[in-house]
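Reproduced below: run_16.cif, with mmCIF, C-alpha atoms.
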```
data_run
#
loop_
_atom_site.group_PDB
_atom_site.id
_atom_site.type_symbol
_atom_site.label_atom_id
_atom_site.label_comp_id
_atom_site.auth_asym_id
_atom_site.auth_seq_id
_atom_site.Cartn_x
_atom_site.Cartn_y
_atom_site.Cartn_z
ATOM 1 C CA MET A 121 114.473 109.193 139.236
ATOM 2 C CA SER A 122 112.663 107.276 136.542
ATOM 3 C CA ASP A 123 112.509 103.517 136.438
ATOM 4 C CA VAL A 124 115.043 101.859 134.181
ATOM 5 C CA ILE A 125 114.150 98.924 131.911
ATOM 6 C CA LEU A 126 117.136 96.897 130.702
ATOM 7 C CA ILE A 127 116.901 95.434 127.214
ATOM 8 C CA ARG A 128 117.281 91.687 126.898
ATOM 9 C CA PRO A 129 117.351 89.426 123.829
ATOM 10 C CA VAL A 130 113.924 88.194 122.823
ATOM 11 C CA SER A 131 113.108 84.509 123.170
ATOM 12 C CA ALA A 132 109.932 82.706 122.149
ATOM 13 C CA ASP A 133 109.363 81.498 125.724
ATOM 14 C CA GLU A 134 109.739 84.856 127.421
ATOM 15 C CA PHE A 135 107.733 86.604 124.722
ATOM 16 C CA ALA A 136 104.894 84.052 124.717
ATOM 17 C CA PRO A 137 102.615 85.975 127.141
ATOM 18 C CA PHE A 138 102.761 88.963 124.789
ATOM 19 C CA GLY A 139 102.900 87.443 121.338
ATOM 20 C CA ASP A 140 104.754 85.332 118.803
ATOM 21 C CA VAL A 141 108.368 85.522 117.659
ATOM 22 C CA LEU A 142 108.458 85.029 113.880
ATOM 23 C CA SER A 143 111.733 83.418 112.871
ATOM 24 C CA CYS A 144 113.251 80.509 110.990
ATOM 25 C CA ASP A 145 114.499 78.828 114.143
ATOM 26 C CA GLY A 146 113.993 75.103 114.343
ATOM 27 C CA THR A 147 112.837 72.667 111.706
ATOM 28 C CA PRO A 148 111.005 73.931 108.613
ATOM 29 C CA SER A 149 107.351 72.947 108.242
ATOM 30 C CA ALA A 150 108.008 71.984 104.630
ATOM 31 C CA LEU A 151 110.655 72.033 101.930
ATOM 32 C CA ILE A 152 109.029 73.532 98.823
ATOM 33 C CA ASN A 153 109.896 74.724 95.303
ATOM 34 C CA GLN A 154 111.874 71.631 94.305
ATOM 35 C CA GLY A 155 113.911 71.798 97.474
ATOM 36 C CA ASN A 156 114.932 75.440 97.020
ATOM 37 C CA CYS A 157 112.884 76.968 99.835
ATOM 38 C CA GLU A 158 112.275 76.199 103.483
ATOM 39 C CA ARG A 159 108.746 77.112 104.583
ATOM 40 C CA TYR A 160 107.957 77.842 108.267
ATOM 41 C CA THR A 161 104.178 77.837 108.216
ATOM 42 C CA ASP A 162 101.590 79.839 110.167
ATOM 43 C CA LEU A 163 103.815 81.257 112.909
ATOM 44 C CA ALA A 164 101.460 83.943 114.239
ATOM 45 C CA THR A 165 98.246 83.772 116.231
ATOM 46 C CA LEU A 166 96.183 86.216 114.195
ATOM 47 C CA ASP A 167 93.009 87.492 115.861
ATOM 48 C CA PHE A 168 90.995 90.127 114.033
ATOM 49 C CA ARG A 169 87.555 89.625 115.609
ATOM 50 C CA ASP A 170 84.937 91.455 113.536
ATOM 51 C CA GLY A 171 87.564 92.875 111.162
ATOM 52 C CA THR A 172 89.784 91.374 108.472
ATOM 53 C CA ALA A 173 93.533 91.012 107.921
ATOM 54 C CA GLY A 174 95.329 93.816 106.142
ATOM 55 C CA ILE A 175 98.905 94.482 105.120
ATOM 56 C CA SER A 176 100.184 98.000 105.761
ATOM 57 C CA LEU A 177 103.642 99.547 105.640
ATOM 58 C CA PHE A 178 105.093 101.613 108.489
ATOM 59 C CA ASP A 179 108.000 103.989 107.918
ATOM 60 C CA ALA A 180 109.152 104.909 111.435
ATOM 61 C CA ARG A 181 111.846 107.221 112.728
ATOM 62 C CA PRO A 182 114.752 105.232 114.213
ATOM 63 C CA ARG A 183 115.313 105.780 117.934
ATOM 64 C CA GLN A 184 118.470 106.047 120.011
ATOM 65 C CA LEU A 185 119.287 104.461 123.357
ATOM 66 C CA PRO A 186 118.646 105.234 126.110
ATOM 67 C CA TYR A 187 115.031 105.496 124.983
ATOM 68 C CA ARG A 188 112.487 107.492 126.958
ATOM 69 C CA LEU A 189 109.214 105.563 127.192
ATOM 70 C CA ASP A 190 106.401 107.922 128.042
ATOM 71 C CA MET A 191 103.432 105.882 126.848
ATOM 72 C CA VAL A 192 102.197 102.476 125.809
ATOM 73 C CA GLU A 193 99.196 101.577 123.692
ATOM 74 C CA ARG A 194 97.013 98.571 122.948
ATOM 75 C CA HIS A 195 94.593 97.391 120.286
ATOM 76 C CA PRO A 196 91.474 95.811 121.800
ATOM 77 C CA ARG A 197 90.121 94.599 118.454
ATOM 78 C CA GLY A 198 93.086 92.790 116.959
ATOM 79 C CA SER A 199 96.568 91.341 116.942
ATOM 80 C CA GLN A 200 99.379 93.262 115.235
ATOM 81 C CA ALA A 201 102.431 91.767 113.524
ATOM 82 C CA PHE A 202 105.612 93.672 112.663
ATOM 83 C CA ILE A 203 107.859 92.354 109.876
ATOM 84 C CA PRO A 204 111.123 94.289 109.460
ATOM 85 C CA MET A 205 111.960 94.933 105.790
ATOM 86 C CA THR A 206 115.657 95.476 106.479
ATOM 87 C CA ALA A 207 118.123 93.132 108.177
ATOM 88 C CA ALA A 208 118.349 95.146 111.396
ATOM 89 C CA PRO A 209 117.296 94.541 114.993
ATOM 90 C CA PHE A 210 114.504 96.526 116.617
ATOM 91 C CA LEU A 211 113.005 96.927 120.076
ATOM 92 C CA ALA A 212 109.783 95.257 121.223
ATOM 93 C CA ILE A 213 108.533 96.964 124.374
ATOM 94 C CA VAL A 214 105.574 95.290 126.079
ATOM 95 C CA ALA A 215 103.811 95.446 129.433
ATOM 96 C CA GLU A 216 102.151 92.775 131.532
ATOM 97 C CA GLY A 217 98.458 92.789 132.386
ATOM 98 C CA ALA A 218 95.151 93.413 130.671
ATOM 99 C CA ASP A 219 93.855 96.069 133.052
ATOM 100 C CA ALA A 220 93.340 99.742 132.264
ATOM 101 C CA GLU A 221 96.735 100.395 133.816
ATOM 102 C CA PRO A 222 99.671 98.419 132.364
ATOM 103 C CA GLY A 223 101.816 96.240 134.627
ATOM 104 C CA ARG A 224 105.536 95.519 134.548
ATOM 105 C CA VAL A 225 107.283 96.696 131.379
ATOM 106 C CA HIS A 226 109.745 94.549 129.403
ATOM 107 C CA ALA A 227 112.053 95.602 126.571
ATOM 108 C CA PHE A 228 113.239 92.948 124.119
ATOM 109 C CA GLU A 229 115.748 93.248 121.306
ATOM 110 C CA VAL A 230 114.417 91.419 118.261
ATOM 111 C CA PRO A 231 117.372 90.318 116.099
ATOM 112 C CA ALA A 232 117.733 90.855 112.355
ATOM 113 C CA GLY A 233 115.648 88.503 110.242
ATOM 114 C CA THR A 234 112.941 88.207 112.892
ATOM 115 C CA GLY A 235 109.439 89.626 113.268
ATOM 116 C CA ILE A 236 106.932 89.681 116.102
ATOM 117 C CA ASN A 237 103.167 89.377 116.400
ATOM 118 C CA LEU A 238 101.549 91.082 119.383
ATOM 119 C CA HIS A 239 98.455 89.399 120.760
ATOM 120 C CA ARG A 240 95.255 91.368 120.806
ATOM 121 C CA ASN A 241 95.035 93.863 123.686
ATOM 122 C CA VAL A 242 98.669 93.587 124.834
ATOM 123 C CA TRP A 243 100.077 96.889 126.104
ATOM 124 C CA HIS A 244 103.120 97.834 124.007
ATOM 125 C CA GLY A 245 105.380 100.699 123.087
ATOM 126 C CA VAL A 246 105.107 102.209 119.634
ATOM 127 C CA LEU A 247 107.302 100.825 116.861
ATOM 128 C CA THR A 248 110.944 101.483 117.800
ATOM 129 C CA PRO A 249 113.464 100.716 115.066
ATOM 130 C CA LEU A 250 117.080 101.209 116.101
ATOM 131 C CA HIS A 251 118.530 101.688 112.608
ATOM 132 C CA PRO A 252 117.439 103.567 109.483
ATOM 133 C CA PRO A 253 115.295 103.036 107.531
ATOM 134 C CA GLY A 254 112.627 101.982 110.033
ATOM 135 C CA LEU A 255 110.600 100.167 107.403
ATOM 136 C CA PHE A 256 108.142 97.442 108.463
ATOM 137 C CA ALA A 257 105.220 95.529 107.040
ATOM 138 C CA VAL A 258 102.391 95.391 109.563
ATOM 139 C CA ILE A 259 99.645 92.771 109.498
ATOM 140 C CA ASP A 260 96.791 94.024 111.609
ATOM 141 C CA ARG A 261 93.050 94.444 111.743
ATOM 142 C CA ILE A 262 91.205 96.447 109.115
ATOM 143 C CA GLY A 263 87.666 97.387 110.073
ATOM 144 C CA PRO A 264 85.449 99.994 111.692
ATOM 145 C CA GLY A 265 85.470 100.972 115.368
ATOM 146 C CA ASP A 266 88.050 102.367 117.739
ATOM 147 C CA ASN A 267 91.027 100.039 118.039
ATOM 148 C CA LEU A 268 93.527 102.163 119.975
ATOM 149 C CA GLU A 269 93.954 102.870 123.680
ATOM 150 C CA GLU A 270 96.876 104.860 125.042
ATOM 151 C CA TYR A 271 98.339 104.970 128.546
ATOM 152 C CA TRP A 272 100.695 107.793 129.477
ATOM 153 C CA PHE A 273 103.040 107.226 132.397
ATOM 154 C CA ASP A 274 103.148 109.870 135.132
ATOM 155 C CA THR A 275 106.915 109.477 135.096
ATOM 156 C CA PRO A 276 108.516 108.277 131.844
ATOM 157 C CA LEU A 277 110.597 105.106 131.980
ATOM 158 C CA THR A 278 114.111 104.791 130.612
ATOM 159 C CA VAL A 279 114.953 101.857 128.327
ATOM 160 C CA ARG A 280 118.664 101.073 128.278
ATOM 161 C CA ALA A 281 121.078 98.513 126.836
ATOM 162 C CA ALA A 282 122.078 95.955 129.472
ATOM 163 C CA PRO A 283 125.530 96.712 130.898
ATOM 164 C CA MET B 71 116.113 78.177 71.173
ATOM 165 C CA SER B 72 114.186 79.043 74.301
ATOM 166 C CA ASP B 73 112.118 82.177 74.634
ATOM 167 C CA VAL B 74 113.820 85.032 76.460
ATOM 168 C CA ILE B 75 112.002 87.199 79.015
ATOM 169 C CA LEU B 76 113.665 90.533 79.745
ATOM 170 C CA ILE B 77 113.369 91.848 83.290
ATOM 171 C CA ARG B 78 111.810 95.263 83.734
ATOM 172 C CA PRO B 79 111.288 97.388 86.842
ATOM 173 C CA VAL B 80 107.977 96.729 88.551
ATOM 174 C CA SER B 81 105.332 99.428 88.547
ATOM 175 C CA ALA B 82 101.948 99.389 90.249
ATOM 176 C CA ASP B 83 100.161 99.947 86.928
ATOM 177 C CA GLU B 84 101.889 97.188 85.010
ATOM 178 C CA PHE B 85 101.633 94.787 87.938
ATOM 179 C CA ALA B 86 97.943 95.503 88.612
ATOM 180 C CA PRO B 87 96.573 92.570 86.572
ATOM 181 C CA PHE B 88 98.686 90.207 88.694
ATOM 182 C CA GLY B 89 98.655 91.756 92.135
ATOM 183 C CA ASP B 90 99.612 94.658 94.371
ATOM 184 C CA VAL B 91 102.946 96.421 94.802
ATOM 185 C CA LEU B 92 103.478 97.083 98.519
ATOM 186 C CA SER B 93 105.577 100.198 98.970
ATOM 187 C CA CYS B 94 105.699 103.578 100.677
ATOM 188 C CA ASP B 95 105.273 105.480 97.423
ATOM 189 C CA GLY B 96 102.885 108.399 97.518
ATOM 190 C CA THR B 97 101.167 110.038 100.456
ATOM 191 C CA PRO B 98 100.873 108.173 103.778
ATOM 192 C CA SER B 99 97.397 107.149 104.886
ATOM 193 C CA ALA B 100 98.143 108.514 108.357
ATOM 194 C CA LEU B 101 100.882 109.983 110.495
ATOM 195 C CA ILE B 102 100.889 108.019 113.765
ATOM 196 C CA ASN B 103 102.881 107.643 116.972
ATOM 197 C CA GLN B 104 103.143 111.354 117.753
ATOM 198 C CA GLY B 105 104.331 112.075 114.246
ATOM 199 C CA ASN B 106 107.150 109.526 114.320
ATOM 200 C CA CYS B 107 105.689 107.020 111.873
ATOM 201 C CA GLU B 108 104.099 107.168 108.430
ATOM 202 C CA ARG B 109 101.410 104.519 107.979
ATOM 203 C CA TYR B 110 100.420 103.277 104.489
ATOM 204 C CA THR B 111 97.269 101.335 105.251
ATOM 205 C CA ASP B 112 95.786 98.181 103.732
ATOM 206 C CA LEU B 113 97.847 97.969 100.551
ATOM 207 C CA ALA B 114 97.022 94.389 99.543
ATOM 208 C CA THR B 115 93.856 92.771 98.201
ATOM 209 C CA LEU B 116 93.781 89.732 100.463
ATOM 210 C CA ASP B 117 91.468 86.912 99.356
ATOM 211 C CA PHE B 118 91.488 83.706 101.385
ATOM 212 C CA ARG B 119 88.056 82.301 100.526
ATOM 213 C CA ASP B 120 87.207 79.475 102.942
ATOM 214 C CA GLY B 121 90.581 79.749 104.714
ATOM 215 C CA THR B 122 92.174 82.319 106.999
ATOM 216 C CA ALA B 123 95.213 84.594 106.858
ATOM 217 C CA GLY B 124 98.506 83.225 108.120
ATOM 218 C CA ILE B 125 102.032 84.553 108.406
ATOM 219 C CA SER B 126 104.797 82.158 107.347
ATOM 220 C CA LEU B 127 108.502 82.631 106.731
ATOM 221 C CA PHE B 128 110.246 81.455 103.551
ATOM 222 C CA ASP B 129 114.004 80.960 103.432
ATOM 223 C CA ALA B 130 114.771 80.585 99.720
ATOM 224 C CA ARG B 131 117.972 79.915 97.802
ATOM 225 C CA PRO B 132 119.085 83.041 95.897
ATOM 226 C CA ARG B 133 119.122 82.659 92.107
ATOM 227 C CA GLN B 134 121.523 83.954 89.473
ATOM 228 C CA LEU B 135 120.763 85.545 86.128
ATOM 229 C CA PRO B 136 120.100 84.412 83.501
ATOM 230 C CA TYR B 137 117.418 82.373 85.271
ATOM 231 C CA ARG B 138 115.956 79.258 83.719
ATOM 232 C CA LEU B 139 112.190 79.226 84.217
ATOM 233 C CA ASP B 140 110.892 75.705 83.766
ATOM 234 C CA MET B 141 107.588 75.992 85.613
ATOM 235 C CA VAL B 142 104.993 78.310 87.067
ATOM 236 C CA GLU B 143 102.414 77.641 89.745
ATOM 237 C CA ARG B 144 99.181 79.125 91.054
ATOM 238 C CA HIS B 145 97.056 79.021 94.192
ATOM 239 C CA PRO B 146 93.338 78.680 93.383
ATOM 240 C CA ARG B 147 92.229 79.199 96.981
ATOM 241 C CA GLY B 148 94.051 82.346 98.004
ATOM 242 C CA SER B 149 96.225 85.390 97.429
ATOM 243 C CA GLN B 150 99.888 85.295 98.464
ATOM 244 C CA ALA B 151 101.989 88.238 99.641
ATOM 245 C CA PHE B 152 105.785 88.303 99.787
ATOM 246 C CA ILE B 153 107.524 90.732 102.165
ATOM 247 C CA PRO B 154 111.330 90.791 101.859
ATOM 248 C CA MET B 155 113.050 90.849 105.251
ATOM 249 C CA THR B 156 116.288 92.254 103.841
ATOM 250 C CA ALA B 157 116.813 95.453 101.845
ATOM 251 C CA ALA B 158 117.432 93.675 98.546
ATOM 252 C CA PRO B 159 115.580 93.463 95.237
ATOM 253 C CA PHE B 160 113.945 90.239 94.067
ATOM 254 C CA LEU B 161 112.239 88.944 90.942
ATOM 255 C CA ALA B 162 108.480 88.631 90.515
ATOM 256 C CA ILE B 163 107.711 86.372 87.571
ATOM 257 C CA VAL B 164 104.057 86.176 86.554
ATOM 258 C CA ALA B 165 102.034 84.967 83.583
ATOM 259 C CA GLU B 166 98.865 86.282 81.994
ATOM 260 C CA GLY B 167 95.630 84.335 81.840
ATOM 261 C CA ALA B 168 93.507 82.182 84.114
ATOM 262 C CA ASP B 169 93.336 79.102 81.882
ATOM 263 C CA ALA B 170 94.939 75.734 82.557
ATOM 264 C CA GLU B 171 97.838 76.847 80.349
ATOM 265 C CA PRO B 172 99.535 80.126 81.329
ATOM 266 C CA GLY B 173 99.767 82.972 78.819
ATOM 267 C CA ARG B 174 102.526 85.526 78.247
ATOM 268 C CA VAL B 175 105.202 85.582 80.945
ATOM 269 C CA HIS B 176 106.520 88.793 82.536
ATOM 270 C CA ALA B 177 109.531 89.231 84.833
ATOM 271 C CA PHE B 178 109.617 92.250 87.153
ATOM 272 C CA GLU B 179 112.400 93.426 89.409
ATOM 273 C CA VAL B 180 110.927 94.474 92.744
ATOM 274 C CA PRO B 181 113.237 97.042 94.364
ATOM 275 C CA ALA B 182 114.528 96.973 97.941
ATOM 276 C CA GLY B 183 111.974 98.006 100.532
ATOM 277 C CA THR B 184 109.054 96.736 98.466
ATOM 278 C CA GLY B 185 106.784 93.703 98.693
ATOM 279 C CA ILE B 186 104.190 92.210 96.374
ATOM 280 C CA ASN B 187 100.832 90.520 96.821
ATOM 281 C CA LEU B 188 99.790 88.064 94.103
ATOM 282 C CA HIS B 189 96.079 87.829 93.435
ATOM 283 C CA ARG B 190 94.406 84.478 93.891
ATOM 284 C CA ASN B 191 94.969 82.082 90.963
ATOM 285 C CA VAL B 192 97.640 84.142 89.170
ATOM 286 C CA TRP B 193 100.275 81.972 87.482
ATOM 287 C CA HIS B 194 103.706 82.854 88.908
ATOM 288 C CA GLY B 195 107.250 81.621 89.226
ATOM 289 C CA VAL B 196 108.454 80.371 92.595
ATOM 290 C CA LEU B 197 110.091 82.839 94.965
ATOM 291 C CA THR B 198 113.303 84.100 93.323
ATOM 292 C CA PRO B 199 115.537 86.198 95.563
ATOM 293 C CA LEU B 200 118.614 87.580 93.829
ATOM 294 C CA HIS B 201 120.724 88.101 96.965
ATOM 295 C CA PRO B 202 121.377 86.104 100.131
ATOM 296 C CA PRO B 203 119.687 85.553 102.476
ATOM 297 C CA GLY B 204 116.441 84.937 100.595
ATOM 298 C CA LEU B 205 114.311 85.591 103.650
ATOM 299 C CA PHE B 206 110.657 86.598 103.227
ATOM 300 C CA ALA B 207 107.485 86.804 105.281
ATOM 301 C CA VAL B 208 104.572 85.335 103.352
ATOM 302 C CA ILE B 209 100.935 86.159 104.073
ATOM 303 C CA ASP B 210 98.798 83.508 102.477
ATOM 304 C CA ARG B 211 95.856 81.206 103.027
ATOM 305 C CA ILE B 212 95.849 78.683 105.844
ATOM 306 C CA GLY B 213 93.208 75.993 105.520
ATOM 307 C CA PRO B 214 92.401 72.547 104.200
ATOM 308 C CA GLY B 215 92.218 71.532 100.561
ATOM 309 C CA ASP B 216 94.651 71.529 97.662
ATOM 310 C CA ASN B 217 95.883 75.054 96.923
ATOM 311 C CA LEU B 218 98.686 74.422 94.445
ATOM 312 C CA GLU B 219 98.711 73.832 90.685
ATOM 313 C CA GLU B 220 101.928 73.583 88.684
ATOM 314 C CA TYR B 221 102.525 74.041 84.969
ATOM 315 C CA TRP B 222 105.785 72.797 83.461
ATOM 316 C CA PHE B 223 106.891 74.344 80.172
ATOM 317 C CA ASP B 224 107.832 71.980 77.321
ATOM 318 C CA THR B 225 110.767 74.269 76.674
ATOM 319 C CA PRO B 226 112.107 76.293 79.627
ATOM 320 C CA LEU B 227 112.180 80.073 79.263
ATOM 321 C CA THR B 228 115.220 82.228 79.975
ATOM 322 C CA VAL B 229 114.850 85.284 82.213
ATOM 323 C CA ARG B 230 117.578 87.891 81.610
ATOM 324 C CA ALA B 231 118.520 91.384 82.692
ATOM 325 C CA ALA B 232 117.538 93.946 80.051
ATOM 326 C CA PRO B 233 120.531 95.029 77.945
#
```
Show the structure stored in the file as structure tokens.
Amino acid sequence: MSDVILIRPVSADEFAPFGDVLSCDGTPSALINQGNCERYTDLATLDFRDGTAGISLFDARPRQLPYRLDMVERHPRGSQAFIPMTAAPFLAIVAEGADAEPGRVHAFEVPAGTGINLHRNVWHGVLTPLHPPGLFAVIDRIGPGDNLEEYWFDTPLTVRAAP
Amino acid sequence: MSDVILIRPVSADEFAPFGDVLSCDGTPSALINQGNCERYTDLATLDFRDGTAGISLFDARPRQLPYRLDMVERHPRGSQAFIPMTAAPFLAIVAEGADAEPGRVHAFEVPAGTGINLHRNVWHGVLTPLHPPGLFAVIDRIGPGDNLEEYWFDTPLTVRAAP
């Protein structure tokens, strides 16, 4: 029987070992545009080493629950931020540890209106929207060199909604 | 009587002097994640000079049409990208020229699922969502020094839907 990972709501504290939660929670950094806009400034720890920041778009197939997790990947040369372009929640699946073999896996539901930024070299599942269209802006490293490692589980894990 | 600017749909060609249109039009750069995700890579000309890239969130008051445009601004030290976090169109108002006084003003409707990146030093109107919530991720320059110039029109302009 495969291991089961129960989804829990993301929180900045619980997600901190893996990355940043990008949301308008708390007090704005500034009120701009003659008072018409709240600005929450510089929410992500960007880390692109010898590369530079780029903005890409990802159009991903929405997934259903329970979700079969057969692999995780990581990017040794840079952080990777995911900004949903629709007001829908998505899953952020991450694993503990920085070794060649990932540690304990966590599955977080990221609510509508919220993005995430994965720290460099954090093991994570591929982008898993839960609703169509799975459209995201991605801010990650642009530059030469291999920036992808994959780890395939011997036995896939099952990611489920909490009962 | 104030000048009237008619809104027209954004296109990459017409917007090119001002910035980049960030969309999934055309052929993906890569098919990733075991074929489950189309990646459109590095769509924006980022230019942060002596600063670094940052991700901020803007929560802006939606505007109604006709829209009274009484000022434009520009950022001499960096480009600025706007990624809508809801599937709603917004207005991109820009002006020609790099002088102290902005030139001809254009108003573009950016469709749902599309972002823009303004080139460094392009005169532009403040963020103008047309639908609530006016929630955007902004990728712009983080660093010291003044990065904002404003220009107030003697007579405000009126931005209207095309008849």
Chain A contacts to chain B at 6 Å (only C-alpha atoms) as a list of chain:residue names: A:Asn156, A:Cys157, A:Glu158, A:Arg159, A:Tyr160, A:Thr161, A:Asp162, A:Leu163, A:Ala164, A:Gly174, A:Ile175, A:Ser176, A:Leu177, A:Phe178, A:Asp179, A:Ala180, A:Arg181, A:Pro204, A:Met205, A:Thr206, A:Ala207
Who sits within 8 Å of Pro172 of chain B, all atoms listed in the file, same chain under 4 positions skipped, as a PyMOL selection string: chain B and resi 165-168+193+221
Contact residues around Asp73 of chain B with all atoms listed in the file at 9 Å, ignoring same-chain residues under 6 positions, as a list in words: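 Non-adjacent residues within range: Thr225, Pro226, Leu227, Thr228 and Val229 of chain B.
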Residues selected by the PyMOL selection byres ((chain B and resi 145) around 7), written as a ChimeraX atom specification: /B:144,146-148,190-191,217-219
When you look at Leu188 of chain B with a cut-off of 8 Å (counting all atoms listed in the file), what residues show up, excluding the ones that are within fewer than 3 positions of it in the same chain? I need them as a PDB file with C-alpha atoms, in the frame of the given file.
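Written file, selection_4.pdb:
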```pdb
ATOM      1  CA  PHE B  88      98.686  90.207  88.694  1.00  0.00           C
ATOM      2  CA  GLY B  89      98.655  91.756  92.135  1.00  0.00           C
ATOM      3  CA  ASP B  90      99.612  94.658  94.371  1.00  0.00           C
ATOM      4  CA  SER B 149      96.225  85.390  97.429  1.00  0.00           C
ATOM      5  CA  GLN B 150      99.888  85.295  98.464  1.00  0.00           C
ATOM      6  CA  ALA B 151     101.989  88.238  99.641  1.00  0.00           C
ATOM      7  CA  VAL B 192      97.640  84.142  89.170  1.00  0.00           C
TER       8      VAL B 192
END
```
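Nearest residue to Pro181 of chain B, choosing from B:His194, B:Phe223, B:Val142, B:Phe160 and counting all atoms listed in the file: B:Phe160.
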Gap from atom CA of Val180 of chain B to atom CA of Val164 of chain B - Å, one decimal: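 Between these atoms lies a distance of 12.4 Å.
Shortest separation to Leu211 of chain A among A:Ala132, A:Met191, A:Ile127, A:Ala282 occurs at residue A:Ile127, atoms counted being only C-alpha atoms.
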Distance of atom CA of Phe152 of chain B from atom CA of Gly121 of chain B, expressed in Å to one decimal place: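 One can read the atom CA of Gly121 of chain B to atom CA of Phe152 of chain B distance as 18.1 Å.
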Centre and edges of the segment 121-132 of chain A box, axis-aligned, 8 Å extra per side, as lines of an AutoDock Vina configuration file:
```
center_x = 113.6
center_y = 95.9
center_z = 130.7
size_x = 23.4
size_y = 42.5
size_z = 33.1
```
Shortest interatomic distance to Val91 of chain B - which of B:His189, B:Leu76, B:Pro199, B:Gly213, counting only C-alpha atoms: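 Smallest separation from Val91 of chain B among the options: B:His189.
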Separation of atom CA of Gly173 of chain B from atom CA of Asp83 of chain B in Å: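 Separation between atom CA of Asp83 of chain B and atom CA of Gly173 of chain B: 18.8 Å.
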Residue with smallest distance to Pro252 of chain A - pool A:Leu189, A:Phe135, A:Pro209, A:Arg280, counting all atoms listed in the file: A:Pro209
Nearest candidate to Glu270 of chain A (options A:Asp145, A:Asp190, A:Glu134, A:Glu229; using all atoms listed in the file):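 Smallest distance to Glu270 of chain A is found for A:Asp190.
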